[in-house]
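Here is entry33.csv, consisting of CSV, C-alpha atoms:
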```csv
chain,number,residue,atom,x,y,z
A,1,MET,CA,-41.0,-2.8,-7.6
A,2,ASP,CA,-38.0,-4.7,-8.9
A,3,ALA,CA,-35.6,-4.8,-6.0
A,4,SER,CA,-32.6,-5.6,-8.2
A,5,SER,CA,-32.9,-2.2,-9.9
A,6,LEU,CA,-32.1,-0.6,-6.5
A,7,ASN,CA,-28.8,-2.4,-6.1
A,8,SER,CA,-26.6,-0.9,-8.7
A,9,ALA,CA,-23.3,0.5,-7.6
A,10,GLU,CA,-24.2,3.8,-9.0
A,11,LEU,CA,-27.3,4.0,-6.8
A,12,GLN,CA,-25.2,3.1,-3.7
A,13,ARG,CA,-22.8,5.8,-4.5
A,14,LEU,CA,-25.6,8.4,-5.0
A,15,ILE,CA,-27.2,7.3,-1.7
A,16,SER,CA,-24.0,7.6,0.3
A,17,GLN,CA,-23.5,11.0,-1.3
A,18,GLU,CA,-26.9,12.1,-0.1
A,19,LYS,CA,-26.3,10.6,3.3
A,20,GLU,CA,-23.1,12.7,3.6
A,21,ARG,CA,-25.0,15.8,2.6
A,22,ALA,CA,-27.8,15.1,5.1
A,23,MET,CA,-25.2,14.6,7.9
A,24,MET,CA,-23.6,18.0,7.0
A,25,ASN,CA,-27.0,19.7,7.1
A,26,GLU,CA,-27.7,18.1,10.4
A,27,MET,CA,-24.4,19.3,11.8
A,28,VAL,CA,-25.1,22.9,10.6
A,29,ALA,CA,-28.6,22.8,12.1
A,30,LYS,CA,-27.3,21.5,15.4
A,31,LEU,CA,-24.5,24.0,15.7
A,32,THR,CA,-26.7,26.9,14.6
A,33,SER,CA,-29.1,26.1,17.4
A,34,ALA,CA,-26.4,25.7,20.0
A,35,CYS,CA,-24.4,28.8,18.9
A,36,TRP,CA,-27.6,30.9,18.6
A,37,ASP,CA,-28.3,30.2,22.3
A,38,LYS,CA,-24.7,31.1,23.3
A,39,CYS,CA,-24.2,34.2,21.1
A,40,ILE,CA,-27.6,35.9,20.6
A,41,THR,CA,-28.5,36.9,24.0
A,42,SER,CA,-30.6,40.0,23.3
A,43,THR,CA,-33.7,40.4,21.2
A,44,PRO,CA,-32.9,39.9,17.5
A,45,GLY,CA,-32.2,43.2,15.7
A,46,SER,CA,-32.5,44.1,12.1
A,47,LYS,CA,-28.8,43.3,11.7
A,48,PHE,CA,-26.3,41.2,13.6
A,49,SER,CA,-23.7,43.2,15.5
A,50,SER,CA,-20.1,42.4,14.6
A,51,SER,CA,-19.6,40.8,17.9
A,52,GLU,CA,-22.6,38.5,17.4
A,53,SER,CA,-21.5,37.3,14.0
A,54,THR,CA,-17.9,36.9,15.2
A,55,CYS,CA,-19.3,34.9,18.1
A,56,LEU,CA,-21.3,32.6,15.8
A,57,SER,CA,-18.3,32.0,13.6
A,58,ASN,CA,-16.0,31.3,16.5
A,59,CYS,CA,-18.5,29.1,18.1
A,60,ALA,CA,-18.7,26.8,15.1
A,61,GLN,CA,-15.0,26.7,14.7
A,62,ARG,CA,-14.3,26.0,18.4
A,63,TYR,CA,-16.8,23.2,18.3
A,64,MET,CA,-14.8,21.6,15.5
A,65,ASP,CA,-11.6,22.0,17.5
A,66,MET,CA,-13.3,20.5,20.5
A,67,SER,CA,-14.5,17.5,18.5
A,68,ILE,CA,-10.9,16.8,17.3
A,69,LEU,CA,-9.6,17.1,20.9
A,70,ILE,CA,-12.3,14.7,22.2
A,71,MET,CA,-11.5,12.2,19.4
A,72,LYS,CA,-7.8,12.3,20.3
A,73,ARG,CA,-8.5,11.9,23.9
A,74,PHE,CA,-10.6,8.8,23.3
A,75,GLN,CA,-8.0,7.4,20.9
A,76,SER,CA,-5.3,7.7,23.6
A,77,MET,CA,-7.5,5.7,26.0
A,78,GLN,CA,-7.4,2.6,23.8
B,1,MET,CA,-47.7,10.2,0.8
B,2,ASP,CA,-46.9,6.8,-0.5
B,3,SER,CA,-44.6,7.9,-3.3
B,4,PHE,CA,-42.5,4.7,-3.6
B,5,SER,CA,-45.4,2.6,-4.7
B,6,SER,CA,-46.8,5.0,-7.2
B,7,PRO,CA,-46.3,3.8,-10.8
B,8,SER,CA,-44.0,5.8,-12.9
B,9,SER,CA,-45.7,7.8,-15.6
B,10,GLY,CA,-45.6,6.5,-19.1
B,11,SER,CA,-44.4,3.1,-18.1
B,12,SER,CA,-46.3,-0.1,-17.4
B,13,SER,CA,-43.4,-1.9,-15.9
B,14,SER,CA,-42.8,-2.0,-12.2
B,15,THR,CA,-39.2,-1.0,-12.4
B,16,PHE,CA,-38.1,2.2,-10.9
B,17,SER,CA,-35.3,4.1,-12.5
B,18,THR,CA,-32.3,5.2,-10.4
B,19,GLU,CA,-33.0,8.7,-11.5
B,20,GLU,CA,-36.6,8.6,-10.3
B,21,PHE,CA,-35.6,7.1,-7.0
B,22,MET,CA,-33.0,9.7,-6.4
B,23,ASP,CA,-35.3,12.5,-7.3
B,24,GLN,CA,-37.9,11.3,-4.7
B,25,LEU,CA,-35.2,10.7,-2.1
B,26,LYS,CA,-33.9,14.2,-2.5
B,27,THR,CA,-37.4,15.7,-2.4
B,28,GLN,CA,-38.2,13.9,0.8
B,29,LEU,CA,-34.9,14.8,2.4
B,30,ALA,CA,-35.5,18.4,1.5
B,31,GLN,CA,-39.0,18.3,2.9
B,32,ALA,CA,-37.8,16.7,6.2
B,33,TYR,CA,-35.0,19.3,6.4
B,34,ALA,CA,-37.4,22.2,5.9
B,35,GLU,CA,-39.8,20.8,8.5
B,36,GLU,CA,-37.1,20.5,11.0
B,37,PHE,CA,-35.8,23.9,10.2
B,38,LEU,CA,-39.2,25.5,10.7
B,39,GLU,CA,-39.7,23.7,14.0
B,40,THR,CA,-36.4,25.0,15.2
B,41,VAL,CA,-37.1,28.6,14.1
B,42,ARG,CA,-40.5,28.5,15.8
B,43,GLY,CA,-38.9,27.4,19.0
B,44,LYS,CA,-36.1,29.9,19.0
B,45,CYS,CA,-38.2,32.9,18.0
B,46,PHE,CA,-41.0,32.0,20.4
B,47,GLU,CA,-38.4,32.0,23.2
B,48,LYS,CA,-37.0,35.3,22.1
B,49,CYS,CA,-40.0,37.3,21.1
B,50,ILE,CA,-43.0,36.0,23.0
B,51,THR,CA,-41.7,36.6,26.5
B,52,LYS,CA,-45.0,37.4,28.1
B,53,PRO,CA,-48.0,36.1,26.0
B,54,GLY,CA,-50.8,38.6,25.8
B,55,SER,CA,-54.4,38.3,24.5
B,56,SER,CA,-53.1,38.9,21.0
B,57,LEU,CA,-49.9,39.1,19.1
B,58,SER,CA,-48.6,42.7,19.5
B,59,SER,CA,-47.0,44.6,16.6
B,60,SER,CA,-43.7,44.6,18.4
B,61,GLU,CA,-43.9,40.9,18.8
B,62,SER,CA,-44.7,40.4,15.1
B,63,SER,CA,-41.7,42.6,14.0
B,64,CYS,CA,-39.5,40.8,16.5
B,65,ILE,CA,-40.5,37.5,14.9
B,66,SER,CA,-39.8,38.6,11.4
B,67,ARG,CA,-36.4,39.9,12.5
B,68,CYS,CA,-35.7,36.7,14.4
B,69,VAL,CA,-36.5,34.5,11.4
B,70,GLU,CA,-34.2,36.6,9.1
B,71,ARG,CA,-31.4,36.5,11.7
B,72,TYR,CA,-31.8,32.7,12.2
B,73,ILE,CA,-31.4,32.2,8.5
B,74,GLU,CA,-28.4,34.5,8.4
B,75,ALA,CA,-26.9,32.6,11.4
B,76,THR,CA,-27.3,29.3,9.5
B,77,GLY,CA,-25.3,30.8,6.7
B,78,ILE,CA,-22.6,32.1,9.1
B,79,ILE,CA,-22.2,28.7,10.8
B,80,SER,CA,-22.1,26.9,7.4
B,81,ARG,CA,-19.4,29.2,6.1
B,82,ALA,CA,-17.4,28.9,9.4
B,83,LEU,CA,-17.5,25.1,9.1
B,84,PHE,CA,-16.9,24.6,5.4
B,85,SER,CA,-15.0,27.5,4.0
B,86,ALA,CA,-13.1,29.2,6.7
B,87,PRO,CA,-9.3,28.5,6.8
B,88,HIS,CA,-8.5,26.5,10.0
```
If you convert what's in this file into structure tokens, what do you get?
Amino acid sequence: MDASSLNSAELQRLISQEKERAMMNEMVAKLTSACWDKCITSTPGSKFSSSESTCLSNCAQRYMDMSILIMKRFQSMQ
Amino acid sequence: MDSFSSPSSGSSSSTFSTEEFMDQLKTQLAQAYAEEFLETVRGKCFEKCITKPGSSLSSSESSCISRCVERYIEATGIISRALFSAPH
């Protein structure tokens, strides 16, 4: 394989785009797992109760809030 | 699968087009994602539905598993929407 063909700027751009997408997928997967454990405490029914779906949604958003808070906390330590 | 060393069809050269490379990259990423997702769902639903393993899978366990899989997929959508489209 000709290595130089893999060095174009276009390819680098496409790869970082895929990397970003992969990171987002990873984030969604991780949060779904964590929030499932916190919010779905009973045997899964044929439909989520409104409190279950609200809990899942809140769980993801509070995780983001927390991430920002932790980042700020670390920045203030420097 | 050794997909990166396979020659591209209809071409005798060893060069690999950007498009081909990206197609294979996307396919492999999607495959890895699907495998990881399946493994997670197996773990979660085993935990929820097979609480006391018997000599065979009971019908209530089977229906729990199919509900669990559906709910896990739904939960993934809820989380995704909460992260990327909900107003903060």
Q: Would you kindly return, as a ChimeraX atom specification, each protein, DNA or RNA residue with an atom no farther than 8 Å from any atom of segment 31-48 of chain B, considering only C-alpha atoms and excluding same-chain residues fewer than 4 positions away?
A: /A:29,33,43-44 /B:27,65,68-69,72
Dump as a short mmCIF file (atom, residue, chain, number, x, y, z; two decimals) with C-alpha atoms, in the frame of the given file the residues of chain B that approach chain A to within 7 Å, counting only C-alpha atoms.
```
data_model
loop_
_atom_site.label_atom_id
_atom_site.label_comp_id
_atom_site.auth_asym_id
_atom_site.auth_seq_id
_atom_site.Cartn_x
_atom_site.Cartn_y
_atom_site.Cartn_z
CA SER B 14 -42.80 -2.00 -12.20
CA THR B 15 -39.20 -1.00 -12.40
CA PHE B 16 -38.10 2.20 -10.90
CA THR B 18 -32.30 5.20 -10.40
CA LYS B 48 -37.00 35.30 22.10
CA CYS B 64 -39.50 40.80 16.50
CA ARG B 67 -36.40 39.90 12.50
CA CYS B 68 -35.70 36.70 14.40
CA ARG B 71 -31.40 36.50 11.70
CA ALA B 75 -26.90 32.60 11.40
CA THR B 76 -27.30 29.30 9.50
CA ILE B 78 -22.60 32.10 9.10
CA ILE B 79 -22.20 28.70 10.80
CA SER B 80 -22.10 26.90 7.40
CA ALA B 82 -17.40 28.90 9.40
CA LEU B 83 -17.50 25.10 9.10
#
```
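Here atom CA of Ala9 of chain A and atom CA of Ala30 of chain B stand 23.5 Å from one another.
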